[in-house]
>>> print(open('start_12.pdb').read())   # PDB, C-alpha atoms
ATOM      1  CA  MET A   1       2.676   3.645   9.830  1.00  0.00           C
ATOM      2  CA  GLY A   2       3.388   2.310  13.280  1.00  0.00           C
ATOM      3  CA  PRO A   3       4.134   3.251  16.897  1.00  0.00           C
ATOM      4  CA  GLY A   4       4.082   6.995  17.458  1.00  0.00           C
ATOM      5  CA  ASP A   5       1.745   7.754  14.547  1.00  0.00           C
ATOM      6  CA  ARG A   6      -1.783   9.033  15.027  1.00  0.00           C
ATOM      7  CA  VAL A   7      -4.027   7.860  12.199  1.00  0.00           C
ATOM      8  CA  LEU A   8      -7.539   8.816  11.098  1.00  0.00           C
ATOM      9  CA  ASP A   9      -9.693   6.261   9.279  1.00  0.00           C
ATOM     10  CA  LEU A  10     -12.148   8.651   7.610  1.00  0.00           C
ATOM     11  CA  GLY A  11     -15.440   6.885   6.849  1.00  0.00           C
ATOM     12  CA  CYS A  12     -14.227   3.730   8.574  1.00  0.00           C
ATOM     13  CA  GLY A  13     -17.332   1.611   7.920  1.00  0.00           C
ATOM     14  CA  GLY A  14     -16.729  -1.862   9.345  1.00  0.00           C
ATOM     15  CA  GLY A  15     -13.210  -0.901  10.434  1.00  0.00           C
ATOM     16  CA  ARG A  16     -11.058  -3.165   8.244  1.00  0.00           C
ATOM     17  CA  HIS A  17      -8.336  -0.542   7.797  1.00  0.00           C
ATOM     18  CA  ALA A  18      -8.586   0.701  11.384  1.00  0.00           C
ATOM     19  CA  PHE A  19      -7.961  -2.789  12.761  1.00  0.00           C
ATOM     20  CA  GLU A  20      -4.792  -3.231  10.696  1.00  0.00           C
ATOM     21  CA  VAL A  21      -3.496   0.194  11.774  1.00  0.00           C
ATOM     22  CA  TYR A  22      -4.082  -0.760  15.410  1.00  0.00           C
ATOM     23  CA  ARG A  23      -2.290  -4.088  14.958  1.00  0.00           C
ATOM     24  CA  ARG A  24       0.740  -2.156  13.719  1.00  0.00           C
ATOM     25  CA  GLY A  25       0.898  -0.198  16.962  1.00  0.00           C
ATOM     26  CA  ALA A  26      -0.330   3.212  15.798  1.00  0.00           C
ATOM     27  CA  GLY A  27      -2.984   5.284  17.522  1.00  0.00           C
ATOM     28  CA  ILE A  28      -6.214   5.136  15.516  1.00  0.00           C
ATOM     29  CA  VAL A  29      -9.412   7.167  15.353  1.00  0.00           C
ATOM     30  CA  ALA A  30     -12.204   5.391  13.485  1.00  0.00           C
ATOM     31  CA  PHE A  31     -14.539   8.127  12.215  1.00  0.00           C
ATOM     32  CA  ASP A  32     -17.975   7.604  10.662  1.00  0.00           C
ATOM     33  CA  GLN A  33     -21.604   8.755  10.762  1.00  0.00           C
ATOM     34  CA  ASN A  34     -23.014   5.256  11.298  1.00  0.00           C
ATOM     35  CA  GLU A  35     -23.437   4.551  15.014  1.00  0.00           C
ATOM     36  CA  ASN A  36     -24.021   0.823  14.485  1.00  0.00           C
ATOM     37  CA  ASP A  37     -20.772   0.443  12.539  1.00  0.00           C
ATOM     38  CA  LEU A  38     -18.882   2.416  15.172  1.00  0.00           C
ATOM     39  CA  ALA A  39     -20.268   0.265  17.996  1.00  0.00           C
ATOM     40  CA  GLU A  40     -19.043  -2.881  16.237  1.00  0.00           C
ATOM     41  CA  VAL A  41     -15.641  -1.313  15.591  1.00  0.00           C
ATOM     42  CA  ALA A  42     -15.323  -0.364  19.274  1.00  0.00           C
ATOM     43  CA  ASP A  43     -16.197  -3.935  20.278  1.00  0.00           C
ATOM     44  CA  MET A  44     -13.499  -5.267  17.945  1.00  0.00           C
ATOM     45  CA  PHE A  45     -10.899  -2.854  19.363  1.00  0.00           C
ATOM     46  CA  ALA A  46     -11.708  -4.224  22.824  1.00  0.00           C
ATOM     47  CA  ALA A  47     -11.532  -7.820  21.600  1.00  0.00           C
ATOM     48  CA  MET A  48      -8.151  -7.156  19.972  1.00  0.00           C
ATOM     49  CA  ARG A  49      -6.771  -5.807  23.232  1.00  0.00           C
ATOM     50  CA  THR A  50      -8.095  -8.812  25.140  1.00  0.00           C
ATOM     51  CA  ALA A  51      -6.578 -11.216  22.622  1.00  0.00           C
ATOM     52  CA  GLY A  52      -3.207  -9.455  22.649  1.00  0.00           C
ATOM     53  CA  GLU A  53      -3.528  -8.483  18.981  1.00  0.00           C
ATOM     54  CA  ALA A  54      -3.012  -4.787  19.673  1.00  0.00           C
ATOM     55  CA  PRO A  55      -0.719  -2.626  21.809  1.00  0.00           C
ATOM     56  CA  ALA A  56      -1.594  -1.818  25.385  1.00  0.00           C
ATOM     57  CA  GLU A  57      -3.951   1.145  25.787  1.00  0.00           C
ATOM     58  CA  SER A  58      -1.131   3.181  27.319  1.00  0.00           C
ATOM     59  CA  GLU A  59       0.993   2.677  24.187  1.00  0.00           C
ATOM     60  CA  ALA A  60      -1.524   3.412  21.423  1.00  0.00           C
ATOM     61  CA  ALA A  61      -5.118   4.554  21.800  1.00  0.00           C
ATOM     62  CA  ALA A  62      -7.964   3.292  19.639  1.00  0.00           C
ATOM     63  CA  GLU A  63     -11.229   5.206  19.646  1.00  0.00           C
ATOM     64  CA  THR A  64     -14.380   5.713  17.606  1.00  0.00           C
ATOM     65  CA  VAL A  65     -15.820   9.133  16.816  1.00  0.00           C
ATOM     66  CA  LYS A  66     -19.172   9.899  15.206  1.00  0.00           C
ATOM     67  CA  GLY A  67     -19.370  12.956  12.967  1.00  0.00           C
ATOM     68  CA  ASP A  68     -19.629  14.624   9.596  1.00  0.00           C
ATOM     69  CA  ALA A  69     -16.760  14.439   7.089  1.00  0.00           C
ATOM     70  CA  LEU A  70     -17.550  18.035   6.100  1.00  0.00           C
ATOM     71  CA  ASP A  71     -17.046  19.356   9.641  1.00  0.00           C
ATOM     72  CA  MET A  72     -14.778  17.073  11.659  1.00  0.00           C
ATOM     73  CA  PRO A  73     -14.370  17.676  15.405  1.00  0.00           C
ATOM     74  CA  PHE A  74     -10.551  17.661  15.303  1.00  0.00           C
ATOM     75  CA  ASP A  75      -7.955  20.414  15.580  1.00  0.00           C
ATOM     76  CA  ASP A  76      -5.862  21.447  12.599  1.00  0.00           C
ATOM     77  CA  GLY A  77      -2.958  19.079  11.969  1.00  0.00           C
ATOM     78  CA  SER A  78      -4.239  16.417  14.379  1.00  0.00           C
ATOM     79  CA  PHE A  79      -3.120  13.368  12.393  1.00  0.00           C
ATOM     80  CA  ASP A  80       0.128  12.011  10.955  1.00  0.00           C
ATOM     81  CA  ARG A  81      -1.725   9.771   8.495  1.00  0.00           C
ATOM     82  CA  VAL A  82      -5.256   9.699   7.063  1.00  0.00           C
ATOM     83  CA  ILE A  83      -7.028   6.858   5.264  1.00  0.00           C
ATOM     84  CA  ALA A  84     -10.074   7.885   3.195  1.00  0.00           C
ATOM     85  CA  SER A  85     -11.286   4.658   1.615  1.00  0.00           C
ATOM     86  CA  GLU A  86     -14.316   4.698  -0.698  1.00  0.00           C
ATOM     87  CA  ILE A  87     -15.919   7.801   0.802  1.00  0.00           C
ATOM     88  CA  PHE A  88     -15.675  10.711  -1.636  1.00  0.00           C
ATOM     89  CA  GLU A  89     -17.898   9.035  -4.253  1.00  0.00           C
ATOM     90  CA  HIS A  90     -20.735   9.139  -1.693  1.00  0.00           C
ATOM     91  CA  LEU A  91     -20.490  12.868  -0.898  1.00  0.00           C
ATOM     92  CA  PRO A  92     -22.266  15.546  -2.949  1.00  0.00           C
ATOM     93  CA  ASP A  93     -19.730  18.120  -1.699  1.00  0.00           C
ATOM     94  CA  ASP A  94     -16.572  16.085  -2.124  1.00  0.00           C
ATOM     95  CA  THR A  95     -14.299  19.123  -2.357  1.00  0.00           C
ATOM     96  CA  ALA A  96     -15.408  20.319   1.083  1.00  0.00           C
ATOM     97  CA  ALA A  97     -14.539  16.912   2.528  1.00  0.00           C
ATOM     98  CA  MET A  98     -11.144  17.038   0.817  1.00  0.00           C
ATOM     99  CA  ALA A  99     -10.533  20.420   2.408  1.00  0.00           C
ATOM    100  CA  GLU A 100     -11.357  18.962   5.837  1.00  0.00           C
ATOM    101  CA  LEU A 101      -8.979  16.066   5.214  1.00  0.00           C
ATOM    102  CA  HIS A 102      -6.265  18.593   4.334  1.00  0.00           C
ATOM    103  CA  ARG A 103      -7.006  20.616   7.477  1.00  0.00           C
ATOM    104  CA  VAL A 104      -6.742  17.749   9.974  1.00  0.00           C
ATOM    105  CA  LEU A 105      -3.575  16.261   8.423  1.00  0.00           C
ATOM    106  CA  ARG A 106      -0.341  17.684   9.805  1.00  0.00           C
ATOM    107  CA  PRO A 107       2.120  19.399   7.440  1.00  0.00           C
ATOM    108  CA  GLY A 108       4.279  16.661   5.944  1.00  0.00           C
ATOM    109  CA  GLY A 109       1.624  14.055   6.724  1.00  0.00           C
ATOM    110  CA  ILE A 110       0.570  11.327   4.303  1.00  0.00           C
ATOM    111  CA  ALA A 111      -2.933  10.375   3.168  1.00  0.00           C
ATOM    112  CA  ALA A 112      -4.218   7.444   1.125  1.00  0.00           C
ATOM    113  CA  VAL A 113      -7.440   8.064  -0.820  1.00  0.00           C
ATOM    114  CA  THR A 114      -9.330   5.336  -2.648  1.00  0.00           C
ATOM    115  CA  VAL A 115     -12.379   5.587  -4.915  1.00  0.00           C
ATOM    116  CA  PRO A 116     -13.977   3.119  -7.347  1.00  0.00           C
ATOM    117  CA  SER A 117     -12.044   2.884 -10.617  1.00  0.00           C
ATOM    118  CA  TRP A 118     -13.730   4.417 -13.650  1.00  0.00           C
ATOM    119  CA  LEU A 119     -14.264   1.327 -15.858  1.00  0.00           C
ATOM    120  CA  PRO A 120     -15.561  -1.156 -13.251  1.00  0.00           C
ATOM    121  CA  GLU A 121     -17.786   1.548 -11.773  1.00  0.00           C
ATOM    122  CA  ARG A 122     -19.145   2.608 -15.168  1.00  0.00           C
ATOM    123  CA  LEU A 123     -20.160  -1.015 -15.853  1.00  0.00           C
ATOM    124  CA  CYS A 124     -21.932  -1.219 -12.484  1.00  0.00           C
ATOM    125  CA  TRP A 125     -23.919   1.933 -13.278  1.00  0.00           C
ATOM    126  CA  ALA A 126     -24.819   0.561 -16.717  1.00  0.00           C
ATOM    127  CA  LEU A 127     -26.021  -2.759 -15.279  1.00  0.00           C
ATOM    128  CA  SER A 128     -28.066  -1.401 -12.361  1.00  0.00           C
ATOM    129  CA  GLU A 129     -29.838   1.850 -11.621  1.00  0.00           C
ATOM    130  CA  GLU A 130     -30.431   0.684  -8.051  1.00  0.00           C
ATOM    131  CA  TYR A 131     -26.663   0.456  -7.495  1.00  0.00           C
ATOM    132  CA  HIS A 132     -26.187   4.223  -7.684  1.00  0.00           C
ATOM    133  CA  THR A 133     -29.619   5.660  -6.817  1.00  0.00           C
ATOM    134  CA  ASN A 134     -30.218   4.042  -3.420  1.00  0.00           C
ATOM    135  CA  GLU A 135     -29.884   6.208  -0.317  1.00  0.00           C
ATOM    136  CA  GLY A 136     -26.238   6.740   0.555  1.00  0.00           C
ATOM    137  CA  GLY A 137     -25.102   5.368  -2.804  1.00  0.00           C
ATOM    138  CA  HIS A 138     -22.509   6.649  -5.221  1.00  0.00           C
ATOM    139  CA  VAL A 139     -23.192  10.092  -6.673  1.00  0.00           C
ATOM    140  CA  ARG A 140     -20.295  10.319  -9.159  1.00  0.00           C
ATOM    141  CA  ILE A 141     -17.758   8.305 -11.107  1.00  0.00           C
ATOM    142  CA  TYR A 142     -14.187   9.597 -10.962  1.00  0.00           C
ATOM    143  CA  THR A 143     -11.468   9.359 -13.493  1.00  0.00           C
ATOM    144  CA  ARG A 144      -8.097   9.277 -11.759  1.00  0.00           C
ATOM    145  CA  ALA A 145      -7.213  12.554 -13.462  1.00  0.00           C
ATOM    146  CA  GLU A 146     -10.319  14.223 -12.024  1.00  0.00           C
ATOM    147  CA  LEU A 147      -9.682  12.884  -8.532  1.00  0.00           C
ATOM    148  CA  GLU A 148      -6.053  14.003  -8.575  1.00  0.00           C
ATOM    149  CA  ALA A 149      -6.983  17.424  -9.955  1.00  0.00           C
ATOM    150  CA  LYS A 150      -9.442  18.025  -7.111  1.00  0.00           C
ATOM    151  CA  LEU A 151      -6.942  16.881  -4.492  1.00  0.00           C
ATOM    152  CA  LYS A 152      -4.187  18.994  -6.019  1.00  0.00           C
ATOM    153  CA  ALA A 153      -6.481  22.043  -6.024  1.00  0.00           C
ATOM    154  CA  THR A 154      -7.078  21.397  -2.314  1.00  0.00           C
ATOM    155  CA  GLY A 155      -3.350  21.782  -1.683  1.00  0.00           C
ATOM    156  CA  PHE A 156      -2.025  18.227  -1.655  1.00  0.00           C
ATOM    157  CA  LEU A 157       1.108  16.961  -3.343  1.00  0.00           C
ATOM    158  CA  ILE A 158       0.083  14.033  -5.546  1.00  0.00           C
ATOM    159  CA  GLY A 159       2.167  10.893  -5.151  1.00  0.00           C
ATOM    160  CA  PRO A 160       2.037   7.366  -6.586  1.00  0.00           C
ATOM    161  CA  HIS A 161      -1.141   5.447  -7.394  1.00  0.00           C
ATOM    162  CA  HIS A 162      -2.149   1.870  -8.019  1.00  0.00           C
ATOM    163  CA  HIS A 163      -5.281  -0.197  -8.638  1.00  0.00           C
ATOM    164  CA  ALA A 164      -6.571  -2.903  -6.301  1.00  0.00           C
ATOM    165  CA  HIS A 165      -9.238  -5.582  -5.791  1.00  0.00           C
ATOM    166  CA  ALA A 166      -9.599  -6.799  -9.381  1.00  0.00           C
ATOM    167  CA  LEU A 167     -11.277 -10.026  -8.217  1.00  0.00           C
ATOM    168  CA  HIS A 168     -14.008  -7.974  -6.558  1.00  0.00           C
ATOM    169  CA  ALA A 169     -15.045  -6.219  -9.772  1.00  0.00           C
ATOM    170  CA  PRO A 170     -16.797  -9.272 -11.342  1.00  0.00           C
ATOM    171  CA  TYR A 171     -18.652  -9.856  -8.072  1.00  0.00           C
ATOM    172  CA  TRP A 172     -20.207  -6.398  -8.275  1.00  0.00           C
ATOM    173  CA  TRP A 173     -21.017  -6.830 -11.946  1.00  0.00           C
ATOM    174  CA  ILE A 174     -22.856 -10.039 -11.031  1.00  0.00           C
ATOM    175  CA  LYS A 175     -24.653  -8.291  -8.177  1.00  0.00           C
ATOM    176  CA  CYS A 176     -25.731  -5.447 -10.433  1.00  0.00           C
ATOM    177  CA  ALA A 177     -26.991  -7.902 -13.070  1.00  0.00           C
ATOM    178  CA  VAL A 178     -29.031 -10.102 -10.697  1.00  0.00           C
ATOM    179  CA  GLY A 179     -30.070  -7.401  -8.179  1.00  0.00           C
ATOM    180  CA  THR A 180     -27.852  -5.648  -5.656  1.00  0.00           C
ATOM    181  CA  SER A 181     -29.858  -7.025  -2.717  1.00  0.00           C
ATOM    182  CA  ASN A 182     -30.176 -10.548  -4.157  1.00  0.00           C
ATOM    183  CA  ASP A 183     -27.422 -12.148  -2.088  1.00  0.00           C
ATOM    184  CA  ALA A 184     -29.040 -15.578  -2.398  1.00  0.00           C
ATOM    185  CA  HIS A 185     -28.657 -15.753  -6.174  1.00  0.00           C
ATOM    186  CA  PRO A 186     -26.552 -18.886  -6.884  1.00  0.00           C
ATOM    187  CA  LEU A 187     -23.942 -17.076  -8.968  1.00  0.00           C
ATOM    188  CA  ALA A 188     -23.570 -14.166  -6.558  1.00  0.00           C
ATOM    189  CA  SER A 189     -23.455 -16.524  -3.580  1.00  0.00           C
ATOM    190  CA  ALA A 190     -20.851 -18.791  -5.168  1.00  0.00           C
ATOM    191  CA  TYR A 191     -18.607 -15.884  -6.148  1.00  0.00           C
ATOM    192  CA  HIS A 192     -18.893 -14.412  -2.654  1.00  0.00           C
ATOM    193  CA  ARG A 193     -17.801 -17.723  -1.121  1.00  0.00           C
ATOM    194  CA  MET A 194     -14.795 -17.721  -3.436  1.00  0.00           C
ATOM    195  CA  LEU A 195     -13.842 -14.191  -2.336  1.00  0.00           C
ATOM    196  CA  VAL A 196     -14.099 -15.129   1.338  1.00  0.00           C
ATOM    197  CA  TRP A 197     -12.004 -18.247   0.721  1.00  0.00           C
ATOM    198  CA  ASP A 198      -9.432 -16.152  -1.131  1.00  0.00           C
ATOM    199  CA  MET A 199      -9.201 -13.565   1.655  1.00  0.00           C
ATOM    200  CA  MET A 200      -8.797 -16.265   4.298  1.00  0.00           C
ATOM    201  CA  ASN A 201      -6.210 -18.340   2.430  1.00  0.00           C
ATOM    202  CA  SER A 202      -4.416 -15.935   0.039  1.00  0.00           C
ATOM    203  CA  PRO A 203      -3.410 -18.679  -2.410  1.00  0.00           C
ATOM    204  CA  THR A 204      -0.609 -17.902  -4.824  1.00  0.00           C
ATOM    205  CA  THR A 205      -2.800 -18.498  -7.900  1.00  0.00           C
ATOM    206  CA  THR A 206      -5.448 -15.899  -7.078  1.00  0.00           C
ATOM    207  CA  ARG A 207      -2.935 -13.417  -5.653  1.00  0.00           C
ATOM    208  CA  THR A 208      -0.984 -13.605  -8.913  1.00  0.00           C
ATOM    209  CA  ALA A 209      -4.140 -13.326 -11.016  1.00  0.00           C
ATOM    210  CA  GLU A 210      -5.320 -10.272  -9.103  1.00  0.00           C
ATOM    211  CA  ARG A 211      -1.929  -8.574  -9.371  1.00  0.00           C
ATOM    212  CA  LEU A 212      -1.998  -9.041 -13.150  1.00  0.00           C
ATOM    213  CA  LEU A 213      -5.628  -7.933 -13.491  1.00  0.00           C
ATOM    214  CA  ASN A 214      -5.471  -4.926 -11.154  1.00  0.00           C
ATOM    215  CA  PRO A 215      -4.250  -2.443 -13.788  1.00  0.00           C
ATOM    216  CA  LEU A 216      -7.131  -3.492 -16.073  1.00  0.00           C
ATOM    217  CA  ILE A 217     -10.161  -4.068 -13.845  1.00  0.00           C
ATOM    218  CA  GLY A 218      -9.059  -3.195 -10.325  1.00  0.00           C
ATOM    219  CA  LYS A 219     -12.241  -2.213  -8.468  1.00  0.00           C
ATOM    220  CA  SER A 220     -10.484   0.645  -6.669  1.00  0.00           C
ATOM    221  CA  VAL A 221      -7.815   3.191  -7.482  1.00  0.00           C
ATOM    222  CA  VAL A 222      -5.543   4.245  -4.615  1.00  0.00           C
ATOM    223  CA  VAL A 223      -3.838   7.652  -4.680  1.00  0.00           C
ATOM    224  CA  TYR A 224      -1.193   8.673  -2.138  1.00  0.00           C
ATOM    225  CA  LEU A 225      -0.909  12.301  -1.038  1.00  0.00           C
ATOM    226  CA  ARG A 226       1.273  14.491   1.104  1.00  0.00           C
ATOM    227  CA  LYS A 227       0.402  17.759   2.765  1.00  0.00           C
ATOM    228  CA  PRO A 228       3.281  20.156   2.081  1.00  0.00           C
ATOM    229  CA  TYR A 229       5.074  22.006   4.836  1.00  0.00           C
ATOM    230  CA  SER A 230       4.371  25.217   2.927  1.00  0.00           C
ATOM    231  CA  GLY A 231       2.253  26.284  -0.059  1.00  0.00           C
ATOM    232  CA  GLY A 232       2.378  24.542  -3.409  1.00  0.00           C
ATOM    233  CA  ALA A 233       0.853  21.511  -5.042  1.00  0.00           C
ATOM    234  CA  GLU A 234       3.544  20.180  -7.350  1.00  0.00           C
ATOM    235  CA  ARG A 235       3.589  16.446  -8.001  1.00  0.00           C
ATOM    236  CA  THR A 236       5.836  14.312  -5.843  1.00  0.00           C
ATOM    237  CA  GLY A 237       7.280  10.956  -6.877  1.00  0.00           C
TER     238      GLY A 237
END
>>> encode(input="start_12.pdb", output="structure tokens")
Amino acid sequence: MGPGDRVLDLGCGGGRHAFEVYRRGAGIVAFDQNENDLAEVADMFAAMRTAGEAPAESEAAAETVKGDALDMPFDDGSFDRVIASEIFEHLPDDTAAMAELHRVLRPGGIAAVTVPSWLPERLCWALSEEYHTNEGGHVRIYTRAELEAKLKATGFLIGPHHHAHALHAPYWWIKCAVGTSNDAHPLASAYHRMLVWDMMNSPTTTRTAERLLNPLIGKSVVVYLRKPYSGGAERTG
């Protein structure tokens, strides 16, 4: 994605994906229900423009929109690309949200959907009831086959997939074992510092380790989709 594309970050949260899209010169709409998150994302968009880390406002717009993933305030086919990262596992009516994603994506457009991978997520649920019963928590665990079947039934062409964030899986297992809100626990705190260090420095050793571990314990599975120009939901390469 880049200049000329209009991108929706569905359930943007803190805006990590939205910021990278903006840096690449695409127009971005950061969409979420959380007003506090959206205010912080808007502040970061402004800071990026001031620092010269993003295109001029006349070249690519960046905006935040508050709303419901089941009833988005956008016209049909409004976006060239959609990112839906770690959102469907939170929604009781995930198929309705998938239908909305399909509606707002233009024919021929591409979407990237991520959800927690089955094995790491199953271990989190086994270690902590609080992890999946707190307000706004996860309401289901997907297998990739189930996720792809639901998206295919919505009308998408299913493309490649991969797993990501293997180094994050042990952190969440630790958090579930010691208490999901117990950030001060020595083990959880130490592992978190390591993750921050890794993200800031991207050393070859940890990048290689994560690449090798991703197929086994990657915290997330990423599935790429395309909205066909006409009916049909056959798999695409």
>>> closest_residue(input="start_12.pdb", among="A:Leu216, A:Ala69, A:Val223, A:Val7", to="Val115 of chain A", atoms="only C-alpha atoms")
A:Val223
>>> atom_distance(input="start_12.pdb", atom1="atom CA of Ala190 of chain A", atom2="atom CA of Lys175 of chain A")
11.6 Å
>>> axis_aligned_box(input="start_12.pdb", around="segment 203-215 of chain A", padding_each_side="5 Å", output="JSON")
{"center_x": -3.1, "center_y": -10.6, "center_z": -8.1, "size_x": 15.0, "size_y": 26.2, "size_z": 21.4}
>>> closest_residue(input="start_12.pdb", among="A:Arg106, A:Lys66, A:Arg6, A:Arg211", to="Ser230 of chain A", atoms="all atoms listed in the file")
A:Arg106
>>> closest_atom_pairs(input="start_12.pdb", of="segment 141-184 of chain A", to="segment 84-103 of chain A", cutoff="12 Å", atoms="only C-alpha atoms", output="Markdown table")
| residue | atom | partner | partner_atom | distance |
| --- | --- | --- | --- | --- |
| A:Ile141 | CA | A:Glu89 | CA | 6.9 |
| A:Tyr142 | CA | A:Glu89 | CA | 7.7 |
| A:Thr143 | CA | A:Glu89 | CA | 11.3 |
| A:Glu146 | CA | A:Thr95 | CA | 11.5 |
| A:Leu147 | CA | A:Phe88 | CA | 9.4 |
| A:Glu148 | CA | A:Met98 | CA | 11.1 |
| A:Ala149 | CA | A:Thr95 | CA | 10.7 |
| A:Lys150 | CA | A:Thr95 | CA | 6.9 |
| A:Leu151 | CA | A:Met98 | CA | 6.8 |
| A:Lys152 | CA | A:Met98 | CA | 9.9 |
| A:Ala153 | CA | A:Thr95 | CA | 9.1 |
| A:Thr154 | CA | A:Ala99 | CA | 5.9 |
| A:Gly155 | CA | A:His102 | CA | 7.4 |
| A:Phe156 | CA | A:His102 | CA | 7.3 |
| A:Leu157 | CA | A:His102 | CA | 10.8 |
| A:Ala164 | CA | A:Ser85 | CA | 11.9 |
>>> residues_around(input="start_12.pdb", residues="Arg193 of chain A", least_positions_apart="5", cutoff="12 Å", atoms="only C-alpha atoms", output="NGL selection string")
:A and (168 or 171 or 183-184 or 186-188 or 198-200)
>>> write_last_selection(input="start_12.pdb", atoms="C-alpha atoms", output="CSV table (one decimal), in the frame of the given file")
chain,number,residue,atom,x,y,z
A,168,HIS,CA,-14.0,-8.0,-6.6
A,171,TYR,CA,-18.7,-9.9,-8.1
A,183,ASP,CA,-27.4,-12.1,-2.1
A,184,ALA,CA,-29.0,-15.6,-2.4
A,186,PRO,CA,-26.6,-18.9,-6.9
A,187,LEU,CA,-23.9,-17.1,-9.0
A,188,ALA,CA,-23.6,-14.2,-6.6
A,198,ASP,CA,-9.4,-16.2,-1.1
A,199,MET,CA,-9.2,-13.6,1.7
A,200,MET,CA,-8.8,-16.3,4.3
>>> atom_distance(input="start_12.pdb", atom1="atom CA of Asn214 of chain A", atom2="atom CA of Gly25 of chain A")
29.2 Å
>>> atom_distance(input="start_12.pdb", atom1="atom CA of Tyr22 of chain A", atom2="atom CA of Ala39 of chain A")
16.4 Å
>>> residues_around(input="start_12.pdb", residues="Ala112 of chain A", least_positions_apart="6", cutoff="9 Å", atoms="all atoms listed in the file", output="list in words")
Arg81, Val82, Ile83, Ala84, Ser85, Val222, Val223, Tyr224, Leu225 and Arg226 of chain A
>>> resolve_selection(input="start_12.pdb", expression="the PyMOL selection byres ((chain A and resi 26) around 12)", output="PyMOL selection string")
chain A and resi 1-9+17-25+27-29+54-63+79-82
>>> resolve_selection(input="start_12.pdb", expression="the PyMOL selection byres ((chain A and resi 117) around 9)", output="list in words")
Thr114, Val115, Pro116, Trp118, Leu119, Pro120, Glu121, Arg122, Ile141, Tyr142, Thr143, Arg144, His163, Ile217, Gly218, Lys219, Ser220, Val221 and Val222 of chain A
>>> closest_residue(input="start_12.pdb", among="A:Ser189, A:Trp172, A:Asn34, A:Leu167", to="Arg207 of chain A", atoms="all atoms listed in the file")
A:Leu167
>>> build_atoms(input="start_12.pdb", residues="segment 16-28 of chain A", atoms="N, CA and C atoms", output="compact mmCIF listing (two decimals), in the coordinates of the input")
# COMPACT_ATOMS: atom_id res chain seq x y z
N ARG A 16 -12.13 -2.28 8.73
CA ARG A 16 -11.06 -3.16 8.24
C ARG A 16 -9.69 -2.48 8.29
N HIS A 17 -9.62 -1.24 7.80
CA HIS A 17 -8.34 -0.54 7.80
C HIS A 17 -7.92 -0.14 9.21
N ALA A 18 -8.89 0.28 10.01
CA ALA A 18 -8.59 0.70 11.38
C ALA A 18 -7.98 -0.44 12.19
N PHE A 19 -8.49 -1.65 12.01
CA PHE A 19 -7.96 -2.79 12.76
C PHE A 19 -6.50 -3.07 12.40
N GLU A 20 -6.17 -2.98 11.11
CA GLU A 20 -4.79 -3.23 10.70
C GLU A 20 -3.85 -2.15 11.23
N VAL A 21 -4.31 -0.89 11.22
CA VAL A 21 -3.50 0.19 11.77
C VAL A 21 -3.21 -0.07 13.25
N TYR A 22 -4.22 -0.50 13.98
CA TYR A 22 -4.08 -0.76 15.41
C TYR A 22 -3.12 -1.93 15.65
N ARG A 23 -3.22 -2.96 14.82
CA ARG A 23 -2.29 -4.09 14.96
C ARG A 23 -0.84 -3.64 14.79
N ARG A 24 -0.63 -2.63 13.97
CA ARG A 24 0.74 -2.16 13.72
C ARG A 24 1.25 -1.23 14.81
N GLY A 25 0.43 -0.96 15.82
CA GLY A 25 0.90 -0.20 16.96
C GLY A 25 0.67 1.29 16.91
N ALA A 26 -0.04 1.77 15.89
CA ALA A 26 -0.33 3.21 15.80
C ALA A 26 -1.61 3.54 16.55
N GLY A 27 -1.73 4.81 16.97
CA GLY A 27 -2.98 5.28 17.52
C GLY A 27 -3.98 5.49 16.39
N ILE A 28 -5.23 5.10 16.60
CA ILE A 28 -6.21 5.14 15.52
C ILE A 28 -7.52 5.76 15.99
